[in-house]
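Colleague: To start, I am sharing the structure in question, which I have written as C-alpha cells.
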Amino acid sequence: MTDKKMSVWGLRKLVPLAALFLLALLPRLYSAQTLGWDWDYPGSFTLVNFDECGSCRAALQGFEYSTFVGRQTTAIARALGHGPPPGIAGDAARVKAYCHSPQHLRIARSWSAVTGALTVVLVGVIGLLLQPERPAVAWSAAALLALSGFHASQSHSGTVDAPSVFFIYAFLTLMVFAAARKSRAAALASPLLLVPALWAKYWVFALLAYAGLAPMRVWRYVSQGMGAGRLVLVALATAILLGLITNSAFQALGLYPLLAVWLLWYLVIPWRRVHRPMVLFWLLLPVL
C-alpha cells in the first residue's frame with residue numbers, strides 16, 4: 001500500500017503533470033493576452049464577451065454577483081500597479097469601465113488561463129488517486145482536457161467559469177483523496193476548499209461530494225435492486241431535469257409540458273426490489 005501511495009507523488013508522475021500544465025497553459029495564456037487586441041487598429045481593444053469581469057464589478061459594489069474571483073483579480077491588479085482608482089466603489093458606471101479596461105481584463109483572462117491549466121493538473125491527480133496502478137488513465141484524461149477546445153475557450157475569458165471549476169476540482173481532489181485513502185484529516189480539512197468551491201459561482205452541488213464518504217453499507221442500502229446501468233440512467237435523467245427547469249430559456253419558452261416525459265423515469269426504478277423506506281425517496285426525487 002505504501003508503494004502505491006508513493007507512486008502517485010513520485011518524480012515520474014510530477015514531470016508529466018508539469019508537462020500537462022504547460023500544454024494547457026500556453027495556448028490559453030496566448031489567447032488571454034491577444035484576444036481582442038489590435039483588431040480595429042494597432043493599440044485598439046475590442047471587448048468580445050460582456051459577461052467578463054462580472055465578479056470584479058461585484059467586488060467593487062457595482063454589480064450583484066459572487067465577489068470571490070473578482071477579489072482575486074483586483075488584488076492581483078493592485079499588486080501589479082493596475083488596481084481600481086480610489087473612490088469608484090459603488091459607482092456602477094466607473095466600476096464597469098475599470099473592470100472592462102484592457103489592463104484589468106488582461107489580468108482576469110490570465111487568471112482564467114492559469115486556473116484552467118491547473119484544473120488539467122487536478123484531473124490528472126484525481127486519475128492517479130483513483131487508478132494509481134494505471135497512470136495512462138490519468139494522462140489521457142488530463143491531456144484530453146488540456147486540448148479541449150471548449151475548456152480552452154472558457155479559460156481565456158475573464159469570466160468566473162474557469163476559476164470556479166478549478167476551485168471545485170481542488171475540493172473534489174481532496175475528497176477523492178479522503179475517500180481513496182480513508183483519510184480523516186483530509187475529510188476534516190475539506191470545508192477549507194468547500195468554501196471557495198461554493199463561493200466562486202454559488203455551485204451548491206459541491207456538497208454532494210460528501211456522499212462519497214458514506215460507508216459502503218449505506219450505498220448498498222440506497223441502491224438495493226439498482227444495477228450500475230440503472231443508477232447511471234437515474235443520475236443523468238435527474239441532472240437533465242434539473243438543468244431544464246433551472247434554464248431561463250426553457251422557462252421563457254414555456255416548455256414545461258415536455259416534463260411529462262419524466263413520467264418514464266418511474267419505469268426505470270425496480271419498485272419491488274428496493275427497500276421500502278427508499279420507495280418514498282425515489283418517488284419524490286424528480287419533484288425535489
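Convention: chains lettered A, B, ... in C-alpha cells order; per-chain residue numbering from 1; ligands numbered from 1 as shown.
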Using only C-alpha atoms, which residues sit within 10 Å of region 70-75 of chain A once same-chain residues fewer than 4 positions away are excluded, as a VMD selection string?

Modeller: chain A and resid 53 to 60 65 to 66 79 to 84 99 104 to 112 158 to 160 200

Colleague: Restrict the calculation to only C-alpha atoms, then for each residue of region 14-68 of chain A with any atom at most 7 Å from an atom of region 118-127 of chain A give the closest atom pair and their distance in Å to one decimal, rows by chain and rising residue number, as JSON lines.

Modeller:
```
{"residue": "A:Leu17", "atom": "CA", "partner": "A:Val121", "partner_atom": "CA", "distance": 5.9}
{"residue": "A:Leu20", "atom": "CA", "partner": "A:Val121", "partner_atom": "CA", "distance": 6.7}
{"residue": "A:Phe21", "atom": "CA", "partner": "A:Val121", "partner_atom": "CA", "distance": 6.0}
```

Colleague: Grab the residues selected above and save them as an mmCIF file, in the first residue's frame with N, CA and C atoms.

Modeller:
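Resulting contents of result.cif:
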```
data_model
loop_
_atom_site.group_PDB
_atom_site.id
_atom_site.type_symbol
_atom_site.label_atom_id
_atom_site.label_comp_id
_atom_site.auth_asym_id
_atom_site.auth_seq_id
_atom_site.Cartn_x
_atom_site.Cartn_y
_atom_site.Cartn_z
ATOM 1 N N LEU A 17 2.892 15.679 -15.037
ATOM 2 C CA LEU A 17 1.904 16.667 -14.599
ATOM 3 C C LEU A 17 2.362 18.078 -14.948
ATOM 4 N N LEU A 20 1.878 18.540 -18.664
ATOM 5 C CA LEU A 20 0.463 18.753 -18.974
ATOM 6 C C LEU A 20 0.027 20.163 -18.600
ATOM 7 N N PHE A 21 0.570 20.677 -17.502
ATOM 8 C CA PHE A 21 0.260 22.057 -17.113
ATOM 9 C C PHE A 21 0.709 23.033 -18.201
#
```

Colleague: Mind checking DSSP for region 172-233 of chain A and telling me the helix (DSSP H, G or I) residues as a PyMOL selection string?

Modeller: chain A and resi 172-180+184-189+191-199+204-213+216-222+228-233

Colleague: Nearest to Trp271 (chain A) among A:Gly62, A:Gly212, A:Pro85, A:Gly225, with distances taken over only C-alpha atoms: which residue is it?

Modeller: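 Going through A:Gly62, A:Gly212, A:Pro85, A:Gly225 one by one, the smallest distance to Trp271 (chain A) is for A:Gly225.
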
Colleague: Which distance in Å separates CA of Ala136 (chain A) and CA of Val176 (chain A), to one decimal?

Modeller: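 Pair CA of Ala136 (chain A) / CA of Val176 (chain A) returns 18.2 Å.
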
Colleague: Counting only C-alpha atoms, what is within 10 Å of Ala180 (chain A), bar same-chain residues fewer than 6 positions away, as a list in words?

Modeller: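 Once the nearby chain positions are removed, what remains is Leu129, Leu130, Gln131, Leu174, Gly212 and Leu213 of chain A.
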
Colleague: Kindly export the residues of the current selection with N, CA and C atoms, as a short mmCIF file (atom, residue, chain, number, x, y, z; two decimals), in the first residue's frame.

Modeller:
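Generated file (out27.cif):
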```cif
data_model
loop_
_atom_site.label_atom_id
_atom_site.label_comp_id
_atom_site.auth_asym_id
_atom_site.auth_seq_id
_atom_site.Cartn_x
_atom_site.Cartn_y
_atom_site.Cartn_z
N LEU A 129 -5.03 9.12 -8.18
CA LEU A 129 -5.57 8.68 -6.89
C LEU A 129 -6.53 7.51 -7.06
N LEU A 130 -7.34 7.56 -8.13
CA LEU A 130 -8.33 6.52 -8.34
C LEU A 130 -7.73 5.26 -8.97
N GLN A 131 -6.75 5.45 -9.86
CA GLN A 131 -6.13 4.32 -10.56
C GLN A 131 -4.61 4.47 -10.53
N LEU A 174 -9.41 16.75 -3.08
CA LEU A 174 -9.25 16.45 -1.65
C LEU A 174 -10.25 15.39 -1.19
N GLY A 212 -19.68 10.68 -1.17
CA GLY A 212 -18.63 9.71 -1.43
C GLY A 212 -17.96 9.17 -0.18
N LEU A 213 -18.15 9.85 0.94
CA LEU A 213 -17.56 9.40 2.20
C LEU A 213 -18.49 8.47 2.97
#
```

Colleague: Restricting the calculation to only C-alpha atoms, which member of A:Ile168, A:Ala162, A:Leu284, A:Ala214 is positioned closest to Lys182 (chain A)?

Modeller: A:Ala214

Colleague: Counting only C-alpha atoms, which residue out of A:Ser44, A:Ser101, A:Asn49, A:Ser153 sits closest to Ala24 (chain A)?

Modeller: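 Ranking A:Ser44, A:Ser101, A:Asn49, A:Ser153 by distance to Ala24 (chain A), first place goes to A:Ser153.
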
Colleague: Rank nothing, just name the residue among A:Gly36, A:Lys201, A:Gln154, A:Trp219 nearest to Met278 (chain A), using only C-alpha atoms.

Modeller: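 Between A:Gly36, A:Lys201, A:Gln154, A:Trp219, the residue approaching Met278 (chain A) most closely is A:Trp219.
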
Colleague: Using only C-alpha atoms, can you tell me which of A:Tyr30, A:Phe167, A:Tyr210, A:Trp282 comes closest to Val195 (chain A)?

Modeller: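 Comparing A:Tyr30, A:Phe167, A:Tyr210, A:Trp282 against Val195 (chain A), the winner is A:Phe167.
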
Colleague: Find the residues around Phe150 (chain A) up to 12 Å (only C-alpha atoms counted), leave out those fewer than 6 positions away in its own chain, and share them as a PDB file with C-alpha atoms, in the first residue's frame.

Modeller:
```pdb
ATOM      1  CA  ARG A  28      -4.816  29.554 -23.041  1.00  0.00           C
ATOM      2  CA  GLY A 116      -7.775  26.430 -16.305  1.00  0.00           C
ATOM      3  CA  LEU A 144      -7.981  15.479 -23.337  1.00  0.00           C
ATOM      4  CA  HIS A 156      -9.035  32.623 -21.857  1.00  0.00           C
ATOM      5  CA  SER A 157     -12.126  34.612 -20.922  1.00  0.00           C
ATOM      6  CA  ASP A 161     -16.096  29.858 -15.172  1.00  0.00           C
ATOM      7  CA  ALA A 162     -12.509  28.580 -15.311  1.00  0.00           C
TER       8      ALA A 162
END
```
